[in-house]
file input_32.cif (mmCIF, C-alpha atoms and all ligand atoms)
data_model
loop_
_atom_site.label_atom_id
_atom_site.label_comp_id
_atom_site.auth_asym_id
_atom_site.auth_seq_id
_atom_site.Cartn_x
_atom_site.Cartn_y
_atom_site.Cartn_z
CA MET N 1 11.63 31.63 30.81
CA SER N 2 11.85 35.39 31.37
CA LYS N 3 9.39 36.94 28.91
CA LYS N 4 6.67 34.50 27.95
CA PRO N 5 6.95 33.45 24.30
CA LYS N 6 3.93 34.27 22.17
CA LEU N 7 2.14 31.07 21.19
CA ILE N 8 -0.66 30.63 18.64
CA VAL N 9 -2.92 27.64 19.34
CA THR N 10 -4.83 26.77 16.19
CA ARG N 11 -7.67 24.67 17.68
CA LYS N 12 -9.66 24.44 20.90
CA LEU N 13 -7.68 22.13 23.20
CA PRO N 14 -8.60 20.18 26.35
CA PHE N 15 -9.20 22.39 29.39
CA GLU N 16 -6.07 21.39 31.36
CA VAL N 17 -3.88 21.81 28.30
CA GLU N 18 -5.17 25.31 27.65
CA ALA N 19 -4.73 26.15 31.34
CA ARG N 20 -1.08 25.11 31.24
CA ALA N 21 -0.54 26.97 27.95
CA MET N 22 -2.04 30.13 29.50
CA ARG N 23 0.17 29.77 32.56
CA ASP N 24 3.41 29.44 30.63
CA TYR N 25 2.91 31.35 27.38
CA ASP N 26 1.55 34.59 26.04
CA VAL N 27 -1.05 32.49 24.33
CA SER N 28 -3.70 33.13 21.72
CA LEU N 29 -6.30 30.38 22.13
CA ASN N 30 -8.94 29.40 19.61
CA THR N 31 -11.88 29.33 22.03
CA LYS N 32 -14.49 29.04 19.27
CA ASP N 33 -12.54 26.31 17.47
CA THR N 34 -12.99 28.06 14.14
CA LEU N 35 -10.61 26.66 11.52
CA TYR N 36 -7.91 29.10 10.50
CA ASP N 37 -7.58 29.62 6.78
CA THR N 38 -4.11 30.52 5.53
CA ASP N 39 -4.63 34.28 5.61
CA SER N 40 -5.99 34.32 9.14
CA LEU N 41 -3.27 31.97 10.37
CA LEU N 42 -0.58 34.18 8.87
CA ALA N 43 -2.17 37.27 10.43
CA ALA N 44 -2.46 35.54 13.83
CA CYS N 45 1.19 34.52 13.70
CA ASP N 46 2.42 38.08 13.37
CA GLY N 47 4.95 38.61 16.16
CA ALA N 48 4.45 35.07 17.54
CA SER N 49 7.29 32.66 18.27
CA ALA N 50 5.42 29.37 18.16
CA ILE N 51 2.43 27.58 16.70
CA LEU N 52 0.68 24.71 18.45
CA ALA N 53 -0.76 23.08 15.33
CA CYS N 54 -3.15 20.25 14.53
CA PRO N 55 -3.57 17.85 11.59
CA THR N 56 -6.32 20.13 10.24
CA ASP N 57 -3.83 22.95 9.62
CA ASN N 58 -2.26 23.44 6.24
CA LEU N 59 1.43 24.08 6.79
CA SER N 60 2.58 23.31 3.29
CA ALA N 61 5.80 24.75 1.84
CA SER N 62 3.92 27.71 0.35
CA VAL N 63 2.39 28.61 3.73
CA ILE N 64 5.62 28.09 5.66
CA LYS N 65 7.37 30.42 3.23
CA LEU N 66 4.92 33.18 4.24
CA LEU N 67 5.14 32.69 8.00
CA PRO N 68 6.64 35.63 9.87
CA HIS N 69 10.34 35.21 10.68
CA SER N 70 9.41 35.37 14.36
CA ILE N 71 8.01 31.81 14.20
CA ARG N 72 10.67 29.42 15.51
CA ILE N 73 8.76 26.25 16.29
CA ILE N 74 5.65 24.35 15.18
CA ALA N 75 4.62 21.96 17.96
CA ASN N 76 2.07 19.52 16.61
CA PHE N 77 -0.81 18.15 18.61
CA SER N 78 -0.50 14.86 16.66
CA VAL N 79 1.91 12.09 15.93
CA GLY N 80 1.33 12.45 12.17
CA TYR N 81 2.95 15.47 10.57
CA ASP N 82 1.99 15.10 6.92
CA HIS N 83 0.20 18.48 7.20
CA VAL N 84 3.59 20.17 7.69
CA ASP N 85 6.26 20.39 5.01
CA ILE N 86 9.21 19.37 7.15
CA ALA N 87 11.82 20.23 4.54
CA ALA N 88 10.38 23.74 4.10
CA ALA N 89 10.21 24.25 7.87
CA THR N 90 13.80 23.08 8.26
CA SER N 91 15.04 25.34 5.52
CA HIS N 92 13.29 28.30 7.21
CA GLY N 93 14.94 27.39 10.51
CA ILE N 94 11.63 26.31 12.10
CA MET N 95 11.71 23.37 14.52
CA VAL N 96 8.85 20.86 14.17
CA THR N 97 7.74 18.45 16.91
CA ASN N 98 5.08 15.76 17.25
CA THR N 99 3.46 13.64 19.99
CA PRO N 100 4.45 9.97 19.61
CA ASP N 101 3.76 7.21 22.18
CA VAL N 102 0.88 8.78 24.07
CA LEU N 103 -1.73 7.91 21.44
CA THR N 104 -0.50 4.41 20.60
CA ASP N 105 -2.94 2.52 22.82
CA ALA N 106 -6.01 4.56 21.97
CA THR N 107 -5.32 4.27 18.25
CA ALA N 108 -4.61 0.54 18.49
CA ASP N 109 -7.86 0.04 20.43
CA LEU N 110 -9.80 1.87 17.76
CA THR N 111 -8.11 -0.19 15.04
CA VAL N 112 -9.30 -3.37 16.73
CA MET N 113 -12.77 -1.84 16.86
CA LEU N 114 -12.55 -1.25 13.09
CA LEU N 115 -11.43 -4.85 12.52
CA LEU N 116 -14.25 -6.28 14.59
CA GLY N 117 -16.80 -3.75 13.37
CA ALA N 118 -16.04 -4.57 9.74
CA ALA N 119 -15.86 -8.33 10.37
CA ARG N 120 -19.11 -8.45 12.33
CA ARG N 121 -21.10 -5.95 10.26
CA ALA N 122 -21.50 -3.58 13.20
CA SER N 123 -22.74 -0.60 11.17
CA GLU N 124 -25.42 -2.64 9.43
CA GLY N 125 -26.58 -4.17 12.70
CA GLU N 126 -26.76 -0.87 14.48
CA ALA N 127 -28.56 0.80 11.58
CA LEU N 128 -31.19 -1.94 11.66
CA ILE N 129 -31.92 -1.37 15.32
CA ARG N 130 -31.94 2.40 15.01
CA ALA N 131 -34.34 2.23 12.06
CA ASP N 132 -36.58 -0.14 14.04
CA LYS N 133 -36.34 -2.70 11.21
CA TRP N 134 -35.07 -5.72 13.15
CA ASP N 135 -37.62 -8.51 13.12
CA GLY N 136 -35.77 -11.00 15.31
CA TRP N 137 -32.96 -13.53 15.53
CA GLY N 138 -32.35 -15.81 12.54
CA PRO N 139 -29.87 -18.64 11.84
CA ILE N 140 -28.53 -16.95 8.72
CA HIS N 141 -29.22 -13.40 9.68
CA MET N 142 -26.41 -10.90 9.17
CA CYS N 143 -23.53 -13.35 9.49
CA GLY N 144 -20.07 -11.85 9.41
CA THR N 145 -16.56 -13.28 9.47
CA ASN N 146 -14.55 -14.80 12.35
CA VAL N 147 -11.31 -13.10 13.23
CA THR N 148 -10.10 -16.11 15.24
CA GLY N 149 -7.26 -17.94 13.52
CA LYS N 150 -7.22 -15.57 10.54
CA ASN N 151 -4.14 -13.95 9.06
CA LEU N 152 -3.78 -10.28 9.90
CA GLY N 153 -1.39 -8.37 7.63
CA VAL N 154 0.08 -5.24 9.24
CA ILE N 155 1.68 -2.67 6.97
CA GLY N 156 4.01 -0.59 9.14
CA MET N 157 5.18 -2.23 12.35
CA GLY N 158 5.91 0.97 14.27
CA ARG N 159 4.44 1.72 17.69
CA ILE N 160 0.81 1.52 16.62
CA GLY N 161 1.29 -1.48 14.29
CA ARG N 162 2.94 -3.38 17.14
CA ALA N 163 0.22 -2.44 19.62
CA VAL N 164 -2.41 -3.67 17.15
CA ALA N 165 -0.45 -6.91 16.63
CA LYS N 166 -0.34 -7.46 20.39
CA ARG N 167 -4.10 -6.97 20.70
CA ALA N 168 -4.86 -9.13 17.66
CA ARG N 169 -2.87 -11.98 19.25
CA GLY N 170 -5.48 -11.84 22.01
CA PHE N 171 -8.05 -12.72 19.36
CA SER N 172 -5.86 -15.67 18.23
CA MET N 173 -5.08 -14.01 14.91
CA CYS N 174 -1.87 -14.97 13.06
CA ILE N 175 0.11 -11.79 12.58
CA HIS N 176 2.21 -11.04 9.50
CA TYR N 177 3.78 -7.69 8.71
CA HIS N 178 5.64 -5.68 6.15
CA ASP N 179 8.06 -2.88 6.95
CA GLU N 180 11.43 -1.67 5.76
CA ALA N 181 13.16 -4.09 8.15
CA PRO N 182 12.13 -6.67 10.75
CA VAL N 183 11.45 -5.33 14.23
CA PRO N 184 13.33 -6.86 17.21
CA SER N 185 11.71 -10.14 18.20
CA GLU N 186 10.78 -8.83 21.68
CA ASP N 187 8.57 -6.25 19.93
CA ASP N 188 6.97 -8.35 17.22
CA ALA N 189 4.33 -10.28 19.24
CA GLY N 190 5.34 -13.38 17.28
CA ALA N 191 4.53 -11.71 13.97
CA ILE N 192 6.08 -12.96 10.74
CA PHE N 193 8.06 -10.46 8.69
CA HIS N 194 7.51 -10.18 4.92
CA GLN N 195 10.08 -8.13 3.09
CA ASN N 196 7.93 -8.36 0.01
CA LEU N 197 4.64 -6.44 0.29
CA ASP N 198 2.91 -8.54 -2.39
CA GLU N 199 3.73 -11.67 -0.44
CA LEU N 200 2.09 -10.15 2.65
CA LEU N 201 -0.99 -9.12 0.67
CA GLN N 202 -1.47 -12.61 -0.74
CA ILE N 203 -2.02 -14.10 2.71
CA SER N 204 -3.79 -11.17 4.41
CA GLU N 205 -7.36 -12.14 5.21
CA PHE N 206 -7.39 -8.94 7.22
CA LEU N 207 -5.16 -5.98 6.42
CA THR N 208 -4.43 -3.01 8.67
CA LEU N 209 -2.44 0.07 7.67
CA HIS N 210 -0.02 1.75 10.06
CA CYS N 211 2.50 3.44 7.82
CA PRO N 212 2.89 7.23 7.63
CA SER N 213 1.56 9.26 4.74
CA THR N 214 4.55 9.98 2.50
CA PRO N 215 5.04 10.31 -1.26
CA GLN N 216 6.06 6.61 -1.17
CA THR N 217 2.86 5.43 0.54
CA TYR N 218 0.47 7.62 -1.48
CA LYS N 219 -2.29 5.29 -2.79
CA LEU N 220 -0.21 2.30 -1.72
CA ILE N 221 -3.38 0.23 -1.52
CA ASN N 222 -4.40 0.43 -5.16
CA ALA N 223 -6.29 -1.87 -7.55
CA ASP N 224 -3.22 -3.92 -8.35
CA ARG N 225 -2.38 -4.57 -4.70
CA ILE N 226 -5.99 -5.27 -3.70
CA ALA N 227 -6.15 -7.81 -6.55
CA ARG N 228 -3.38 -9.78 -4.80
CA MET N 229 -5.39 -10.20 -1.60
CA PRO N 230 -7.61 -13.20 -0.87
CA LYS N 231 -11.24 -12.84 -2.00
CA GLY N 232 -13.43 -11.73 0.90
CA ALA N 233 -10.59 -10.01 2.77
CA ILE N 234 -11.21 -7.10 5.13
CA ILE N 235 -9.21 -3.85 5.04
CA VAL N 236 -8.98 -1.32 7.85
CA ASN N 237 -7.26 2.03 7.95
CA ALA N 238 -6.61 4.19 11.02
CA ALA N 239 -3.42 5.75 9.62
CA ARG N 240 -4.01 8.29 6.83
CA GLY N 241 -6.60 8.37 4.07
CA ASP N 242 -4.26 9.00 1.19
CA ILE N 243 -2.56 5.61 1.68
CA VAL N 244 -5.64 4.13 0.00
CA ASP N 245 -6.85 4.64 -3.55
CA ASP N 246 -10.55 5.29 -2.87
CA GLU N 247 -11.64 4.36 -6.39
CA ALA N 248 -9.92 0.98 -6.16
CA LEU N 249 -11.18 0.23 -2.65
CA ILE N 250 -14.79 1.17 -3.38
CA THR N 251 -14.77 -0.93 -6.57
CA ALA N 252 -13.29 -3.88 -4.67
CA VAL N 253 -16.01 -3.67 -2.01
CA ARG N 254 -18.73 -3.36 -4.63
CA THR N 255 -17.54 -6.44 -6.51
CA GLY N 256 -17.18 -8.50 -3.31
CA LYS N 257 -13.43 -8.87 -3.67
CA ILE N 258 -13.22 -7.09 -0.33
CA ALA N 259 -15.90 -8.24 2.13
CA GLY N 260 -15.74 -5.29 4.49
CA ILE N 261 -13.83 -2.17 5.38
CA GLY N 262 -13.25 -0.23 8.58
CA LEU N 263 -12.06 3.33 8.09
CA ASP N 264 -11.19 6.08 10.54
CA VAL N 265 -9.30 8.29 8.09
CA TYR N 266 -10.04 9.53 4.59
CA TYR N 267 -8.50 11.33 1.68
CA ASN N 268 -9.48 15.01 1.85
CA GLU N 269 -11.04 14.88 5.32
CA PRO N 270 -13.73 15.67 6.26
CA HIS N 271 -14.98 15.52 2.66
CA LEU N 272 -14.65 11.79 2.21
CA ASP N 273 -15.71 10.08 -0.98
CA PRO N 274 -19.51 9.97 -0.49
CA ARG N 275 -19.70 6.49 -2.01
CA TYR N 276 -18.28 5.09 1.24
CA ARG N 277 -21.52 6.02 3.00
CA SER N 278 -23.63 3.86 0.74
CA LEU N 279 -21.51 0.72 1.13
CA GLU N 280 -23.42 -1.49 3.57
CA ASN N 281 -20.31 -3.31 4.71
CA SER N 282 -18.30 -0.25 5.63
CA PHE N 283 -17.71 0.61 9.29
CA LEU N 284 -16.86 4.31 9.31
CA MET N 285 -15.48 6.51 12.07
CA PRO N 286 -14.67 10.25 11.90
CA HIS N 287 -10.90 10.21 12.66
CA LEU N 288 -11.28 9.22 16.31
CA GLY N 289 -8.13 7.10 16.71
CA SER N 290 -6.69 9.20 19.52
CA ALA N 291 -9.99 10.61 20.74
CA THR N 292 -10.07 9.72 24.42
CA ASN N 293 -9.90 12.36 27.14
CA GLU N 294 -6.78 10.83 28.63
CA THR N 295 -5.00 10.64 25.29
CA ARG N 296 -5.91 14.12 24.13
CA ASP N 297 -4.68 15.55 27.46
CA ALA N 298 -1.44 13.61 27.08
CA MET N 299 -1.00 14.82 23.50
CA GLY N 300 -1.46 18.42 24.60
CA PHE N 301 0.98 18.07 27.49
CA LYS N 302 3.51 16.48 25.18
CA ALA N 303 3.18 19.32 22.69
CA LEU N 304 3.76 21.76 25.58
CA ASP N 305 6.73 19.73 26.87
CA ASN N 306 8.27 20.11 23.43
CA LEU N 307 7.68 23.86 23.46
CA ASP N 308 9.04 24.22 27.01
CA ALA N 309 12.23 22.33 26.12
CA PHE N 310 12.71 24.43 23.01
CA PHE N 311 12.28 27.76 24.81
CA ILE N 312 14.74 26.90 27.58
CA GLY N 313 17.26 26.12 24.86
CA ASN N 314 17.11 22.32 24.85
CA GLN N 315 16.40 19.93 22.02
CA PRO N 316 12.66 19.11 22.24
CA PRO N 317 12.19 15.41 23.05
CA ASN N 318 10.05 14.85 19.96
CA ALA N 319 11.80 16.90 17.30
CA VAL N 320 10.87 15.73 13.80
CA VAL N 321 13.86 15.36 11.57
CA ASP N 322 13.73 16.22 7.88
CA PRO N 323 14.37 12.83 6.25
CA LEU N 324 16.36 14.54 3.49
CA ALA N 325 18.73 15.96 6.09
CA LEU N 326 19.60 12.49 7.44
C1 LIG N 401 -2.31 11.90 14.79
O1 LIG N 401 -1.91 12.21 15.91
O2 LIG N 401 -1.61 11.91 13.79
C2 LIG N 401 -3.71 11.48 14.69
O3 LIG N 401 -4.13 11.18 13.43
C3 LIG N 401 -4.63 12.49 15.33
O4 LIG N 401 -5.34 11.73 16.20
#

call {"tool": "encode", "arguments": {"input": "input_32.cif", "output": "structure tokens", "more": "lines below"}}
Ligand code: DGY
result
Amino acid sequence: MSKKPKLIVTRKLPFEVEARAMRDYDVSLNTKDTLYDTDSLLAACDGASAILACPTDNLSASVIKLLPHSIRIIANFSVGYDHVDIAAATSHGIMVTNTPDVLTDATADLTVMLLLGAARRASEGEALIRADKWDGWGPIHMCGTNVTGKNLGVIGMGRIGRAVAKRARGFSMCIHYHDEAPVPSEDDAGAIFHQNLDELLQISEFLTLHCPSTPQTYKLINADRIARMPKGAIIVNAARGDIVDDEALITAVRTGKIAGIGLDVYYNEPHLDPRYRSLENSFLMPHLGSATNETRDAMGFKALDNLDAFFIGNQPPNAVVDPLAL
């Protein structure tokens, strides 16, 4: 690269990632980690060639339309890219990239934590200790649900769904999944494919969501679909909040139809539906799926690899393709 491209980094990134960005780009870092609103983002982008963006950025069609023409690439520090209007970016000639693979294990680990935390009433137990209200062991005290031998329904058998399936096999769970098509048998960890989502729901004693947020998956888990699940089932979500209809899920937990939930993601983050907080049997995390030091470094390096490839004139390894252009 002769002249360093001007890069806008929208959030505070891990130290080594910022160091590499400073070495290779004319970079504007966000050292205070203050969220950019649209006006300040647009102002910051003036004269810049690239944005290193995060899921907290709003890069909707209306914002992309206003970006300076100098912006040629949005490199996301995330695998999910529902915060970017891909079609709008494509039509403005802006390349979009993401960071698949490197966060699969961390997110799958956290999903298993959600499954176990919801099944074994981890939040309630911890709250009891912290409030100094535990008065000792009891034969019927705070009993949860076994995961061993139970059916786990996986919606979306991509990288993370498969990694969760592999881990759940270690807990002797029986894995079933729904996706557009069966995955190759070497990747399915013995899981059983259900073309029909309702059929999967009917046998899912545990359900875990690993599909992307798209117009098709918006509120996929609604009252009608929850009604098809076994009574006392457990639902976990480490994908995106808008895949779940909050009203339906909260009602189902309140009526006992759903025995527990484990959530890492929420509609309208960080302003989740406050009713989740008052559900005893909810195990709630603040979008920490990929939050390990190793993973966040790897995500940052991958975002920079994509930028580097783009600016030397190659196709970035993780270019996101506008589905409408396929
Ligand atoms: C992603 O990469 O999409 C995650 O949600 C952020 O951890």

call {"tool": "atom_distance", "arguments": {"input": "input_32.cif", "atom1": "CA of Val147 (chain N)", "atom2": "CA of Val265 (chain N)"}}
result
22.1 Å

call {"tool": "residues_around", "arguments": {"input": "input_32.cif", "residues": "Asn196 (chain N)", "least_positions_apart": "2", "cutoff": "10 Å", "atoms": "all atoms listed in the file", "output": "ChimeraX atom specification"}}
result
/N:177-180,193-194,198-201

call {"tool": "closest_atom_pairs", "arguments": {"input": "input_32.cif", "of": "region 3-66 of chain N", "to": "region 307-320 of chain N", "cutoff": "10 Å", "atoms": "all atoms listed in the file", "output": "CSV"}}
result
residue,atom,partner,partner_atom,distance
N:Lys4,CA,N:Phe311,CA,9.3
N:Pro5,CA,N:Phe311,CA,7.8
N:Leu7,CA,N:Leu307,CA,9.4
N:Ala21,CA,N:Leu307,CA,9.9
N:Asp24,CA,N:Asp308,CA,8.5
N:Tyr25,CA,N:Asp308,CA,9.4
N:Ser49,CA,N:Phe311,CA,9.6
N:Ala50,CA,N:Leu307,CA,8.0
N:Ile51,CA,N:Leu307,CA,9.3
N:Leu52,CA,N:Leu307,CA,8.7

call {"tool": "closest_residue", "arguments": {"input": "input_32.cif", "among": "N:Ser62, N:Asn306, N:Thr145, N:Asn30", "to": "Asp85 (chain N)", "atoms": "all atoms listed in the file"}}
result
N:Ser62

call {"tool": "residues_around", "arguments": {"input": "input_32.cif", "residues": "Cys174 (chain N)", "least_positions_apart": "2", "cutoff": "6 Å", "atoms": "only C-alpha atoms", "output": "list in words"}}
result
Lys150, Asn151 and Leu152 of chain N

call {"tool": "write_last_selection", "arguments": {"input": "input_32.cif", "atoms": "C-alpha atoms", "output": "mmCIF file, in the coordinates of the input"}}
result
data_model
loop_
_atom_site.group_PDB
_atom_site.id
_atom_site.type_symbol
_atom_site.label_atom_id
_atom_site.label_comp_id
_atom_site.auth_asym_id
_atom_site.auth_seq_id
_atom_site.Cartn_x
_atom_site.Cartn_y
_atom_site.Cartn_z
ATOM 1 C CA LYS N 150 -7.220 -15.570 10.540
ATOM 2 C CA ASN N 151 -4.140 -13.950 9.060
ATOM 3 C CA LEU N 152 -3.780 -10.280 9.900
#

call {"tool": "residues_near_ligand", "arguments": {"input": "input_32.cif", "ligand": "ligand LIG 401 (chain N)", "cutoff": "6 Å", "atoms": "all atoms listed in the file", "output": "PyMOL selection string"}}
result
chain N and resi 78-80+289-290

call {"tool": "closest_residue", "arguments": {"input": "input_32.cif", "among": "N:Leu220, N:Ala227, N:Ala181, N:Ala168", "to": "Met113 (chain N)", "atoms": "all atoms listed in the file"}}
result
N:Ala168

call {"tool": "atom_distance", "arguments": {"input": "input_32.cif", "atom1": "CA of His210 (chain N)", "atom2": "CA of Ala259 (chain N)"}}
result
20.4 Å

call {"tool": "residues_around", "arguments": {"input": "input_32.cif", "residues": "Tyr266 (chain N)", "least_positions_apart": "5", "cutoff": "12 Å", "atoms": "only C-alpha atoms", "output": "tab-separated table (two decimals) with C-alpha atoms, keeping the file's coordinate frame"}}
result
chain	number	residue	atom	x	y	z
N	213	SER	CA	1.56	9.26	4.74
N	219	LYS	CA	-2.29	5.29	-2.79
N	236	VAL	CA	-8.98	-1.32	7.85
N	237	ASN	CA	-7.26	2.03	7.95
N	238	ALA	CA	-6.61	4.19	11.02
N	239	ALA	CA	-3.42	5.75	9.62
N	240	ARG	CA	-4.01	8.29	6.83
N	241	GLY	CA	-6.60	8.37	4.07
N	242	ASP	CA	-4.26	9.00	1.19
N	243	ILE	CA	-2.56	5.61	1.68
N	244	VAL	CA	-5.64	4.13	0.00
N	245	ASP	CA	-6.85	4.64	-3.55
N	246	ASP	CA	-10.55	5.29	-2.87
N	249	LEU	CA	-11.18	0.23	-2.65
N	271	HIS	CA	-14.98	15.52	2.66
N	272	LEU	CA	-14.65	11.79	2.21
N	273	ASP	CA	-15.71	10.08	-0.98
N	274	PRO	CA	-19.51	9.97	-0.49
N	276	TYR	CA	-18.28	5.09	1.24
N	284	LEU	CA	-16.86	4.31	9.31
N	285	MET	CA	-15.48	6.51	12.07
N	286	PRO	CA	-14.67	10.25	11.90
N	287	HIS	CA	-10.90	10.21	12.66
N	288	LEU	CA	-11.28	9.22	16.31

call {"tool": "atom_distance", "arguments": {"input": "input_32.cif", "atom1": "CA of Arg121 (chain N)", "atom2": "CA of Asn268 (chain N)"}}
result
25.4 Å

call {"tool": "axis_aligned_box", "arguments": {"input": "input_32.cif", "around": "region 139-158 of chain N", "padding_each_side": "3 Å", "output": "AutoDock Vina command-line options"}}
result
--center_x -12.0 --center_y -8.8 --center_z 11.1 --size_x 41.8 --size_y 25.6 --size_z 14.3

call {"tool": "residues_near_point", "arguments": {"input": "input_32.cif", "point": "(-1.5, 27.0, 20.9)", "cutoff": "7 Å", "atoms": "only C-alpha atoms", "output": "PyMOL selection string"}}
result
chain N and resi 7-10+27-29+51-53

call {"tool": "build_atoms", "arguments": {"input": "input_32.cif", "residues": "region 294-309 of chain N", "atoms": "N, CA and C atoms", "output": "short mmCIF file (atom, residue, chain, number, x, y, z; two decimals), in the coordinates of the input"}}
result
data_model
loop_
_atom_site.label_atom_id
_atom_site.label_comp_id
_atom_site.auth_asym_id
_atom_site.auth_seq_id
_atom_site.Cartn_x
_atom_site.Cartn_y
_atom_site.Cartn_z
N GLU N 294 -8.12 11.02 28.08
CA GLU N 294 -6.78 10.83 28.63
C GLU N 294 -5.72 11.06 27.55
N THR N 295 -5.99 10.53 26.37
CA THR N 295 -5.00 10.64 25.29
C THR N 295 -4.87 12.07 24.81
N ARG N 296 -5.99 12.75 24.64
CA ARG N 296 -5.91 14.12 24.13
C ARG N 296 -5.22 15.04 25.15
N ASP N 297 -5.44 14.79 26.45
CA ASP N 297 -4.68 15.55 27.46
C ASP N 297 -3.19 15.28 27.29
N ALA N 298 -2.86 13.99 27.17
CA ALA N 298 -1.44 13.61 27.08
C ALA N 298 -0.80 14.18 25.82
N MET N 299 -1.54 14.23 24.73
CA MET N 299 -1.00 14.82 23.50
C MET N 299 -0.71 16.31 23.70
N GLY N 300 -1.65 16.99 24.36
CA GLY N 300 -1.46 18.42 24.60
C GLY N 300 -0.27 18.68 25.51
N PHE N 301 -0.15 17.88 26.56
CA PHE N 301 0.98 18.07 27.49
C PHE N 301 2.30 17.78 26.78
N LYS N 302 2.26 16.80 25.89
CA LYS N 302 3.51 16.48 25.18
C LYS N 302 3.88 17.62 24.23
N ALA N 303 2.89 18.18 23.58
CA ALA N 303 3.18 19.32 22.69
C ALA N 303 3.78 20.47 23.52
N LEU N 304 3.23 20.69 24.72
CA LEU N 304 3.76 21.76 25.58
C LEU N 304 5.15 21.42 26.12
N ASP N 305 5.38 20.13 26.43
CA ASP N 305 6.73 19.73 26.87
C ASP N 305 7.75 20.06 25.78
N ASN N 306 7.36 19.81 24.54
CA ASN N 306 8.27 20.11 23.43
C ASN N 306 8.55 21.61 23.33
N LEU N 307 7.49 22.39 23.50
CA LEU N 307 7.68 23.86 23.46
C LEU N 307 8.56 24.33 24.62
N ASP N 308 8.28 23.79 25.82
CA ASP N 308 9.04 24.22 27.01
C ASP N 308 10.53 23.93 26.80
N ALA N 309 10.82 22.70 26.32
CA ALA N 309 12.23 22.33 26.12
C ALA N 309 12.88 23.29 25.13
#
